[in-house]
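Have a look at the structure below, then the notes.
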There are 2 protein chains.
Amino acid sequence: MLPPYLSHRNLRFVLLEMLEMQQLTRFERYTDYDKDTIEPLLDAALQIADQHLFPFYMEMDRKKAVCVNGVVTTHPQLKVIIQSIAEGGWIGAHADPEFGGMNMPLTLLYSGLLTFYAANVNACYPFLTQGAANLILSFGSDALKEQFVHKMHSGEWQGTMALTEPQAGSSLSDVIATAEPTETAGTYLIKGQKIFISGGDHDAAENIVHLLLARIKGAPAGTKGISLFVVPKYRSENNQFVSNDVTTAGIYGKMGQKGYVAAHLMYGEKEDCQGYLLGEPNRGLNYMFQMMNEARIGTGLVAAGAASAAYYASLKYAQERPQGRLPSSKDATKPQIPIIEHADVRRMLLFQKSVVEGSIALLMQCSYYADLERMATGIEKHHAFLLLELLTPIAKSFPSEYGVLSVSQAMQVLGGAGYCDDFPVEQIYRDIRVNAIYEGTTGIHGLDLLGRKVFIEKGKAVQLFGNEMINEISASEQASKPVQKAGRQLGAVAQKLQEVTQQLMKMGQEHGAEALLADATLYLDYFSLVAVAWIWLKQAVVADKALQKAVGDDRVFYESKIHTMRYFYEYELPKTKALHHRLSSTDKLTLTTPKEYFI
Amino acid sequence: MLPPYLSHRNLRFVLLEMLEMQQLTRFERYTDYDKDTIEPLLDAALQIADQHLFPFYMEMDRKKAVCVNGVVTTHPQLKVIIQSIAEGGWIGAHADPEFGGMNMPLTLLYSGLLTFYAANVNACYPFLTQGAANLILSFGSDALKEQFVHKMHSGEWQGTMALTEPQAGSSLSDVIATAEPTETAGTYLIKGQKIFISGGDHDAAENIVHLLLARIKGAPAGTKGISLFVVPKYRSENNQFVSNDVTTAGIYGKMGQKGYVAAHLMYGEKEDCQGYLLGEPNRGLNYMFQMMNEARIGTGLVAAGAASAAYYASLKYAQERPQGRLPSSKDATKPQIPIIEHADVRRMLLFQKSVVEGSIALLMQCSYYADLERMATGIEKHHAFLLLELLTPIAKSFPSEYGVLSVSQAMQVLGGAGYCDDFPVEQIYRDIRVNAIYEGTTGIHGLDLLGRKVFIEKGKAVQLFGNEMINEISASEQASKPVQKAGRQLGAVAQKLQEVTQQLMKMGQEHGAEALLADATLYLDYFSLVAVAWIWLKQAVVADKALQKAVGDDRVFYESKIHTMRYFYEYELPKTKALHHRLSSTDKLTLTTPKEYFI
């Protein structure tokens, strides 16, 4: 039987066969996380998702969150969702037991997240809380930890990231919210407004805890004058909770993710909004960036989950819907065939499968690097850090950008039915689009990759990634013919990518940063296709080996893996040819377009 | 100042400079349509759109059409829209004066349609009526014409195309609605249901006239047993209008185009639904196909209009929104710059402009062929017919498929704001998606192009199109350097397309229709990029020539044309490289995917 939104067979393959994450038990903190612990936890996540999340996906869109007179009301199921995830231990899972955690490896934690997101994107709320609590755990005083983290990990309090302001979207250095010291050390009066704050206000939590960027009066301009504050909606005063002067101006009319509130918030309109400084003054953006990789992997997981749910909805439809006949058999007296028999429908399904499973494998690979960065030491830790830095813009933007195309193909499989709300696909189509905007737009990630990541430690990260590819290509040489062929293809395209990278660097030296970065978004696309081809080769090598002993359903599973890899190499990877052509061109026409040409 | 949804300066360029449509005056029917007639009519269309359509675009989505107990209620403005378009003469414009028409060339008529669609997609209703009335004019008896066409051209009655049934979507040969002869010759009792019927029922018209496909009892199976009927909601009996037993089961919850009703209709539930046979029995699908090119050009116009409106919304935002600084100037004390200064934003704007203006030029070129097919004689008529046949799948699917990507880039320019309903872009994003499904999905048009159109008269249509490209390439040799360069590029890529076409035909001969058509959708994409490159070269050649005498705004306009052409050749046309690679491959893996691999 088809899974309705996510294949846990595939997830187990990625975790236990491709990554062999059970080997993380070599780290003391993770010593309990062998296969016998991992599998029941995956089952438990799936059970929560099946029972509390998936059945309410469409309903939470129809009965969307509303804001009346500054009071935000959400679907009553939201409270159940948050509580069930909290009770399963998933909000603070990775943390120390002292704060309700269970020392869970990030790779497993993110597998749970993926399961929840695929079932129902409104499951994002508790993981915002997780990210916010993480900041307090990483940089807060013991008092702040004690005051906030328990209630957040229990799901009673909601956490947010309050960064964006009307004049400071992609350009966070332009934040102008202010913080004025009070007589109490560490406590500041906050004033300003924040927009597009996800989870910024709702009735399924007793309190909302904003992790907020602001400038302490007199701080320097730009990124070096921004500090990070904990700003609750209700503050504790004499053992009572009183209003902390945070008001909701409204919520946004989003095209999708309608159960997931984004609020416009006003802080300190009555000059009575207190914020508690986190860590040192003026280091707020640094702190935030240390958690940003997490949020970016999270965004990739949301997109991959959405694309997965759409894939399975369209696959079910394709298996059940009879329509038309094969080109060679047009006899209208014969019954119609299920549309999965049509080559074009299969192409659209294979495209989705290659995007979904490629994204999931890449995201889990990054999660695994995050675990190594967290737990390993010395060179192993440092290499994991570099690879994670390099691949994060890709793990965020590939699932987001190709996910949009993937869900669009799901809709196309359903035809008119896919455009209408009897099926979930139209909602997924609306929901997934925002992932290419959240947590840095795709353009920002292109700049991050080409303007920063490829230069880290004189290109060390790129070199390490090259080694990873070489390892996989070597492994493929022992495999079956189609896998060998893919290995050779990856070698050739990686060589091409390296050529382009060097050309671009040379151009940057000669003509400056604008010339280097003009087509950074296309470079990100190019690099992403190569990285996903690499992770597909890695999956295929593992599947190829496993095939030697596999029987029954397992056999079909591994064969399907290799077949889907072949699809990606035949249909998607060749797109690098077009990108190579463009990125090699010396015609920088976007830089030389006079403004008045836009008419 | 920017136009809010469509550039009429550009439309005039296409009509009067590129096509020189004023030369259609050589045909007697069009003798009045010189420049002095064309321009005021374009102005008149724009005035209707500005006044009655555009201001209500967002409101008609918010207050969407609803169906309660079988009664469909639409936004009150719909009646005003239909009436204003009818009073302007646009519903029957192309028809004879006898039926309220003004002998208008199709090229001009479709320019009016484009203007209306760009302003507000809910303007589709009257043009469904136009298509339905056209069928009656082309194939109906004098009595049917007299009875229906006047009321339809006046906008009092709505027309529809009632084709799709639950089991017959893309596969129209599987229609099963029945028609049983009555004692009155030409009158039949209709029974069956039709789904997704646009304009199928609403309260802004006094009557709804369905052009409906059904089988006369005893007719042969398949396409050769389908007849076409006129089936009104209310029929005339003894000079009174009585119910004709057409009931509305419901309307669809569409993701977009929410002001544009799609209904599920039941005919003859009380055995009292009369239909009037149009033309001869069993020729219904032939008749319908004769009008299909029209509907397909219409769908392309809707998509191009939507993409145009999104382009101008995002361009306005890009000019007004300050955010960030150039890579080479990160001083946070300096003011932020408008985002149009960023290379990546310019790329997203140029992409949109190239799609919008490329689509419009191609659609108008097809409309011009339609005029020649209608009015010319002999070989000129026949060549126009062949070129129109060949290019129609492209004129339908390129604006629809690339339009979706284009509007997505508009949303990306706006970032978070684009995802929310304070701006029209999120609505356009939802609205435009259906055009790749309506009137034959993109997959169907791929099959039409590669399975039928390239084979017409032993490849005559393709050969004629090759001649058109050669003409343009020759003309480019006299032009400025960038235009010359584009001419050479087009020559090279056209050669490549020809190679692939021949390879595919050979493969089809050797391995059958399934092998030929497996990647027909990709072939359509390839051919589309070449066709749009051709129409861009054509525009650039004209602009290049005009530049010799141009001053002021005109100069900027022509320079911008050539610049946008360069964008298309630099960034979009290279995508054919990837398609060429895939289409040349002998690995037909979509054909050889076992069903059980889809897991």
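For the structure tokens, the naming scheme is as follows: chains receive sequential letters (A, B, ...) according to their order of presentation, residues are indexed from 1 within each chain, and ligands are indexed from 1 in presentation order.
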Contacts of chain A with chain B up to 6 Å, shortest pair per row, only C-alpha atoms, as a tab-separated table:
residue	atom	partner	partner_atom	distance
A:Ser171	CA	B:Gly324	CA	5.1
A:Gly222	CA	B:Ala332	CA	4.7
A:Gly253	CA	B:Cys420	CA	5.2
A:Lys254	CA	B:Cys420	CA	4.4
A:Met255	CA	B:Tyr419	CA	5.8
A:Gly324	CA	B:Ser171	CA	5.0
A:Pro327	CA	B:Ala513	CA	5.9
A:Ser328	CA	B:Ala513	CA	5.9
A:Ala332	CA	B:Gly222	CA	4.7
A:Ala343	CA	B:Ala518	CA	5.3
A:Arg346	CA	B:Thr590	CA	5.8
A:Arg347	CA	B:Thr590	CA	5.8
A:Gly415	CA	B:Ile437	CA	5.8
A:Tyr419	CA	B:Met255	CA	5.8
A:Cys420	CA	B:Lys254	CA	4.4
A:Asp421	CA	B:Gly253	CA	5.3
A:Ile437	CA	B:Gly415	CA	5.8
A:Ala513	CA	B:Pro327	CA	5.9
A:Ala518	CA	B:Ala343	CA	5.3
A:Ser560	CA	B:Tyr597	CA	4.8
A:Pro574	CA	B:Ala578	CA	5.0
A:Lys575	CA	B:Ala578	CA	4.9
A:Lys577	CA	B:Ala578	CA	5.8
A:Ala578	CA	B:Lys575	CA	4.9
A:Thr590	CA	B:Ala343	CA	5.5
A:Leu591	CA	B:Ala343	CA	5.7
A:Tyr597	CA	B:Ser560	CA	4.8
Requested in this report: Can you pull out every residue within 7 Å of stretch 305-309 of chain B, counting only C-alpha atoms, but drop anything in the same chain fewer than 5 positions away, and send it as an MDAnalysis selection string?
Outcome: chainID B and resid 4:6 114 117:118 356 403 406:407 428 432
For the selection you just gave me, I'd like the residues written to a file as a short mmCIF file (atom, residue, chain, number, x, y, z; two decimals), in the first residue's frame, keeping C-alpha atoms.
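Saved result, out-v9.cif, follows:
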data_model
loop_
_atom_site.label_atom_id
_atom_site.label_comp_id
_atom_site.auth_asym_id
_atom_site.auth_seq_id
_atom_site.Cartn_x
_atom_site.Cartn_y
_atom_site.Cartn_z
CA PRO B 4 -0.54 48.61 -14.41
CA TYR B 5 -1.10 45.36 -16.33
CA LEU B 6 -0.26 45.56 -20.05
CA LEU B 114 -5.49 40.15 -24.31
CA TYR B 117 -7.59 39.16 -19.71
CA ALA B 118 -4.55 41.05 -18.46
CA VAL B 356 5.56 38.21 -21.64
CA GLY B 403 3.92 32.09 -17.61
CA SER B 406 7.31 34.10 -14.86
CA VAL B 407 4.67 34.88 -12.23
CA ILE B 428 -2.10 35.84 -10.33
CA ILE B 432 -2.37 31.37 -14.10
#
Requested in this report: Would you please extract all helix (DSSP H, G or I) residues from stretch 280-398 of chain A, as assigned by DSSP on the backbone, and give them as a PyMOL selection string?
Outcome: chain A and resi 284-320+339-341+343-375+378-398
Query - Between atom CA of B:Asp203 and atom CA of B:Asn134, distance in Å (one decimal) - result: 22.8 Å
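Omitting A:Lys217 and its sequence neighbours fewer than 5 positions away, and counting only C-alpha atoms, the residues within 9 Å are Thr178, Ala179, Glu180 and Pro181 of chain A.
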